[in-house]
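Here's the structure we're looking at; comments come further down.
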Amino acid sequence: MRILLVDDEVELAEPLGRLLRREGYAVDVATTGDRGDRLAQQGTYDLLILDWMLPQISGLEICRHVRSHGDATPVLFLTAKDTVDDRVAGLDAGADDYLIKPFELRELLARVRALLRRPLTLEPPEETDRLRFEDLELDEANQRTYRQGQTIELSDKETRLLAYLMRHSNQVLSHEQIYQAVWGEAEPPSSNVLAAQIRLLRRKLEPPQTPPMIHTIYGKGYRLGR
């Protein structure tokens with residue numbers, strides 16, 4: 001079994017790599033996000049263990065990249081980020097499990113064994129896998145949305161933003177929640193950048209003479225819903 005361990009804390013990554021090798025696994029260790037991302041894209045691993053906060057590319061982004069190519073390799077996050085919103089963001093990105101630092105080594109090994117026992121069951125996207133809200137339908141894998149018989153092409157950021165809004169429809173989402181879900185650990189954009197992304201999305205989703213779908217809740221954030 002081959003494992004990719006990506007963590008920028010060398011004092012943690014190297015001992016963990018040795019521990020996993022003693023358990024009989026073949027382990028590659030990367031200490032930067034860009035190297036971890038390149039290795040993960042090779043698709044030759046049975047498990048990815050990713051730190052969330054990494055230089056260059058976050059663990060969240062690596063996970064998204066892997067899933068966007070239909071790769072079902074199990075992903076375990078090791079991170080100090082322990083809020084419910086953090087966990088939801090990680091799971092929404094495609095993670096299979098989540099272990100909060102600091103952790104017990106025996107618990108880590110147990111979770112590794114459990115993930116490696118799971119069959120790879122990621123299927124090609126089907127009609128039922130698309131996100132739906134009212135007359136809006138989103139195909140995340142192909143960055144397209146459908147409304148009123150029209151096919152609308154989306155950018156990567158627009159796709160992530162719309163997916164997050166659809167998964168939390170009829171809820172007020174703060175700017176901070178949206179930054180974390182869409183931009184991850186990258187430098188948060190200014191509020192003007194988020195507002196511009198919302199405007200672009202509205203232009204595509206809301207034809208003239210139709211009620212708005214995305215509402216600005218002043219002083220709080222945005223909500224998808226009537």
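Chain labels A, B, ... are given in the sequence in which chains occur in the structure tokens; within each chain residues are numbered consecutively from 1, and ligands are likewise numbered from 1 in the order shown.
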
Exercise. Out of range 1-218 of chain A, which residues get helix (DSSP H, G or I) from DSSP, as a count of residues only?
Worked result: 93

Test item: residues at most 9 Å from Glu158 in chain A, only C-alpha atoms, excluding those fewer than 5 positions along its chain, as a list of chain:residue names: A:Gln143, A:Ala163, A:Val182, A:Gln197, A:Ile198, A:Leu200, A:Leu201

Please produce a file of those selected residues containing all heavy atoms, as a PDB file, in the first residue's frame.
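Below is the file out20.pdb, written as the result:
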```pdb
ATOM      1  N   GLN A 143     -18.269  22.144 -14.669  1.00  0.00           N
ATOM      2  CA  GLN A 143     -18.391  23.591 -14.511  1.00  0.00           C
ATOM      3  C   GLN A 143     -19.486  24.183 -15.391  1.00  0.00           C
ATOM      4  O   GLN A 143     -19.291  25.161 -16.106  1.00  0.00           O
ATOM      5  CB  GLN A 143     -17.038  24.272 -14.780  1.00  0.00           C
ATOM      6  CG  GLN A 143     -15.970  23.895 -13.771  1.00  0.00           C
ATOM      7  CD  GLN A 143     -14.682  24.681 -13.903  1.00  0.00           C
ATOM      8  OE1 GLN A 143     -13.672  24.345 -13.303  1.00  0.00           O
ATOM      9  NE2 GLN A 143     -14.674  25.740 -14.694  1.00  0.00           N
ATOM     10  N   ALA A 163     -21.758  26.210  -5.874  1.00  0.00           N
ATOM     11  CA  ALA A 163     -21.933  24.930  -5.176  1.00  0.00           C
ATOM     12  C   ALA A 163     -22.101  25.166  -3.676  1.00  0.00           C
ATOM     13  O   ALA A 163     -22.954  24.532  -3.030  1.00  0.00           O
ATOM     14  CB  ALA A 163     -20.745  24.018  -5.445  1.00  0.00           C
ATOM     15  N   VAL A 182     -14.493  28.828  -0.614  1.00  0.00           N
ATOM     16  CA  VAL A 182     -14.156  29.069  -2.026  1.00  0.00           C
ATOM     17  C   VAL A 182     -12.666  29.333  -2.228  1.00  0.00           C
ATOM     18  O   VAL A 182     -12.073  28.838  -3.188  1.00  0.00           O
ATOM     19  CB  VAL A 182     -14.986  30.246  -2.588  1.00  0.00           C
ATOM     20  CG1 VAL A 182     -14.619  30.529  -4.049  1.00  0.00           C
ATOM     21  CG2 VAL A 182     -16.482  29.927  -2.482  1.00  0.00           C
ATOM     22  N   GLN A 197     -17.557  38.709  -7.778  1.00  0.00           N
ATOM     23  CA  GLN A 197     -17.888  37.327  -8.135  1.00  0.00           C
ATOM     24  C   GLN A 197     -19.399  37.089  -8.052  1.00  0.00           C
ATOM     25  O   GLN A 197     -19.986  36.414  -8.898  1.00  0.00           O
ATOM     26  CB  GLN A 197     -17.160  36.354  -7.199  1.00  0.00           C
ATOM     27  CG  GLN A 197     -15.681  36.217  -7.450  1.00  0.00           C
ATOM     28  CD  GLN A 197     -15.369  35.403  -8.698  1.00  0.00           C
ATOM     29  OE1 GLN A 197     -16.226  34.730  -9.248  1.00  0.00           O
ATOM     30  NE2 GLN A 197     -14.131  35.449  -9.139  1.00  0.00           N
ATOM     31  N   ILE A 198     -20.016  37.653  -7.029  1.00  0.00           N
ATOM     32  CA  ILE A 198     -21.469  37.520  -6.882  1.00  0.00           C
ATOM     33  C   ILE A 198     -22.184  38.202  -8.047  1.00  0.00           C
ATOM     34  O   ILE A 198     -23.142  37.650  -8.621  1.00  0.00           O
ATOM     35  CB  ILE A 198     -21.935  38.120  -5.540  1.00  0.00           C
ATOM     36  CG1 ILE A 198     -21.429  37.269  -4.363  1.00  0.00           C
ATOM     37  CG2 ILE A 198     -23.451  38.249  -5.507  1.00  0.00           C
ATOM     38  CD1 ILE A 198     -22.117  35.948  -4.172  1.00  0.00           C
ATOM     39  N   LEU A 200     -21.045  38.697 -11.104  1.00  0.00           N
ATOM     40  CA  LEU A 200     -20.868  37.892 -12.311  1.00  0.00           C
ATOM     41  C   LEU A 200     -21.804  36.684 -12.301  1.00  0.00           C
ATOM     42  O   LEU A 200     -22.394  36.326 -13.333  1.00  0.00           O
ATOM     43  CB  LEU A 200     -19.410  37.423 -12.408  1.00  0.00           C
ATOM     44  CG  LEU A 200     -18.367  38.498 -12.724  1.00  0.00           C
ATOM     45  CD1 LEU A 200     -16.961  37.930 -12.561  1.00  0.00           C
ATOM     46  CD2 LEU A 200     -18.566  39.039 -14.125  1.00  0.00           C
ATOM     47  N   LEU A 201     -21.927  36.062 -11.140  1.00  0.00           N
ATOM     48  CA  LEU A 201     -22.796  34.900 -11.029  1.00  0.00           C
ATOM     49  C   LEU A 201     -24.250  35.292 -11.243  1.00  0.00           C
ATOM     50  O   LEU A 201     -25.003  34.589 -11.934  1.00  0.00           O
ATOM     51  CB  LEU A 201     -22.604  34.258  -9.653  1.00  0.00           C
ATOM     52  CG  LEU A 201     -22.977  32.784  -9.481  1.00  0.00           C
ATOM     53  CD1 LEU A 201     -22.344  31.900 -10.544  1.00  0.00           C
ATOM     54  CD2 LEU A 201     -22.580  32.320  -8.088  1.00  0.00           C
TER      55      LEU A 201
END
```

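By chain and then residue number, the residues within 12 Å of Ile214 in chain A are Phe133, Leu136, Leu161, Leu162, Leu165, Met166, His168, Ser169, Asn170, Gln171, Val172, Leu173, Ala195, Gln197, Ile198, Arg199, Leu200, Leu201, Arg202, Arg203, Lys204, Leu205, Glu206, Gly221, Tyr222, Arg223, Leu224, Gly225 and Arg226 of chain A, counting only C-alpha atoms and disregarding those fewer than 5 positions away in sequence.
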
For range 58-68 of chain A, please output as an MDAnalysis selection string all residues within 10 Å (counting only C-alpha atoms; exclusion window: fewer than 6 positions along the same chain).
chainID A and resid 6:7 32:34 36:43 48:52 74:79 89:95 122 140:142 180:186

Requested in this report: From the DSSP assignment of the backbone, select every residue of range 66-178 of chain A that is strand (DSSP E), and format the answer as number ranges by chain.
Outcome: A: 75-79, 97-100, 131-133, 136-139, 144-147, 150-153, 173-174

If you keep N, CA and C atoms, can you produce a file of those selected residues as a JSON list (two decimals), in the first residue's frame?
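The resulting file, out-v8.json, is reproduced below:
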```json
[["chain", "number", "residue", "atom", "x", "y", "z"],
["A", 75, "VAL", "N", -8.82, 10.31, 1.37],
["A", 75, "VAL", "CA", -8.09, 11.48, 1.86],
["A", 75, "VAL", "C", -8.36, 11.66, 3.34],
["A", 76, "LEU", "N", -7.29, 11.74, 4.12],
["A", 76, "LEU", "CA", -7.37, 12.00, 5.55],
["A", 76, "LEU", "C", -6.70, 13.34, 5.82],
["A", 77, "PHE", "N", -7.45, 14.29, 6.42],
["A", 77, "PHE", "CA", -6.88, 15.58, 6.79],
["A", 77, "PHE", "C", -6.30, 15.50, 8.19],
["A", 78, "LEU", "N", -5.08, 16.02, 8.37],
["A", 78, "LEU", "CA", -4.49, 16.26, 9.67],
["A", 78, "LEU", "C", -4.40, 17.76, 9.84],
["A", 79, "THR", "N", -5.08, 18.32, 10.82],
["A", 79, "THR", "CA", -5.12, 19.77, 10.91],
["A", 79, "THR", "C", -5.47, 20.25, 12.30],
["A", 97, "ASP", "N", -11.92, 11.60, 5.90],
["A", 97, "ASP", "CA", -11.80, 11.60, 7.36],
["A", 97, "ASP", "C", -10.98, 12.81, 7.78],
["A", 98, "TYR", "N", -11.01, 13.10, 9.08],
["A", 98, "TYR", "CA", -10.51, 14.36, 9.61],
["A", 98, "TYR", "C", -9.95, 14.08, 10.99],
["A", 99, "LEU", "N", -8.69, 14.37, 11.22],
["A", 99, "LEU", "CA", -8.06, 14.12, 12.52],
["A", 99, "LEU", "C", -7.45, 15.42, 13.02],
["A", 100, "ILE", "N", -7.86, 15.83, 14.22],
["A", 100, "ILE", "CA", -7.42, 17.11, 14.77],
["A", 100, "ILE", "C", -6.07, 16.96, 15.47],
["A", 131, "LEU", "N", -26.14, 18.98, -8.20],
["A", 131, "LEU", "CA", -26.82, 19.78, -7.18],
["A", 131, "LEU", "C", -28.03, 20.46, -7.82],
["A", 132, "ARG", "N", -29.12, 20.51, -7.09],
["A", 132, "ARG", "CA", -30.34, 21.13, -7.60],
["A", 132, "ARG", "C", -30.94, 22.05, -6.55],
["A", 133, "PHE", "N", -31.43, 23.19, -7.02],
["A", 133, "PHE", "CA", -32.19, 24.09, -6.17],
["A", 133, "PHE", "C", -33.23, 24.78, -7.05],
["A", 136, "LEU", "N", -32.74, 25.43, -10.80],
["A", 136, "LEU", "CA", -31.30, 25.55, -11.06],
["A", 136, "LEU", "C", -30.63, 24.20, -10.82],
["A", 137, "GLU", "N", -29.74, 23.82, -11.73],
["A", 137, "GLU", "CA", -29.03, 22.54, -11.63],
["A", 137, "GLU", "C", -27.56, 22.79, -11.90],
["A", 138, "LEU", "N", -26.68, 22.21, -11.09],
["A", 138, "LEU", "CA", -25.25, 22.45, -11.22],
["A", 138, "LEU", "C", -24.51, 21.14, -11.43],
["A", 139, "ASP", "N", -23.71, 21.10, -12.49],
["A", 139, "ASP", "CA", -22.79, 19.99, -12.77],
["A", 139, "ASP", "C", -21.40, 20.48, -12.42],
["A", 144, "ARG", "N", -20.65, 23.55, -15.29],
["A", 144, "ARG", "CA", -21.82, 24.05, -16.03],
["A", 144, "ARG", "C", -23.03, 24.07, -15.11],
["A", 145, "THR", "N", -23.89, 25.04, -15.33],
["A", 145, "THR", "CA", -25.16, 25.05, -14.64],
["A", 145, "THR", "C", -26.28, 25.18, -15.67],
["A", 146, "TYR", "N", -27.46, 24.76, -15.29],
["A", 146, "TYR", "CA", -28.60, 24.73, -16.23],
["A", 146, "TYR", "C", -29.77, 25.42, -15.57],
["A", 147, "ARG", "N", -30.40, 26.31, -16.34],
["A", 147, "ARG", "CA", -31.59, 26.99, -15.85],
["A", 147, "ARG", "C", -32.48, 27.38, -17.01],
["A", 150, "GLN", "N", -31.40, 26.58, -20.47],
["A", 150, "GLN", "CA", -30.15, 27.15, -20.94],
["A", 150, "GLN", "C", -28.96, 26.49, -20.23],
["A", 151, "THR", "N", -27.88, 26.26, -20.98],
["A", 151, "THR", "CA", -26.63, 25.77, -20.42],
["A", 151, "THR", "C", -25.72, 26.97, -20.18],
["A", 152, "ILE", "N", -25.23, 27.12, -18.97],
["A", 152, "ILE", "CA", -24.42, 28.28, -18.59],
["A", 152, "ILE", "C", -23.04, 27.80, -18.16],
["A", 153, "GLU", "N", -22.01, 28.26, -18.87],
["A", 153, "GLU", "CA", -20.64, 27.89, -18.53],
["A", 153, "GLU", "C", -20.15, 28.74, -17.36],
["A", 173, "LEU", "N", -25.01, 33.15, 4.57],
["A", 173, "LEU", "CA", -23.61, 32.74, 4.66],
["A", 173, "LEU", "C", -22.75, 33.99, 4.79],
["A", 174, "SER", "N", -21.92, 34.03, 5.82],
["A", 174, "SER", "CA", -21.07, 35.20, 6.04],
["A", 174, "SER", "C", -19.95, 35.26, 5.02]]
```

Exercise. Fewer than 3 positions away in the same chain doesn't count, so skip those; otherwise give me all residues within 10 Å of Asp46 in chain A, counting only C-alpha atoms, as a PyMOL selection string.
Key: chain A and resi 1-4+25-26+43+72-75+115-116+120
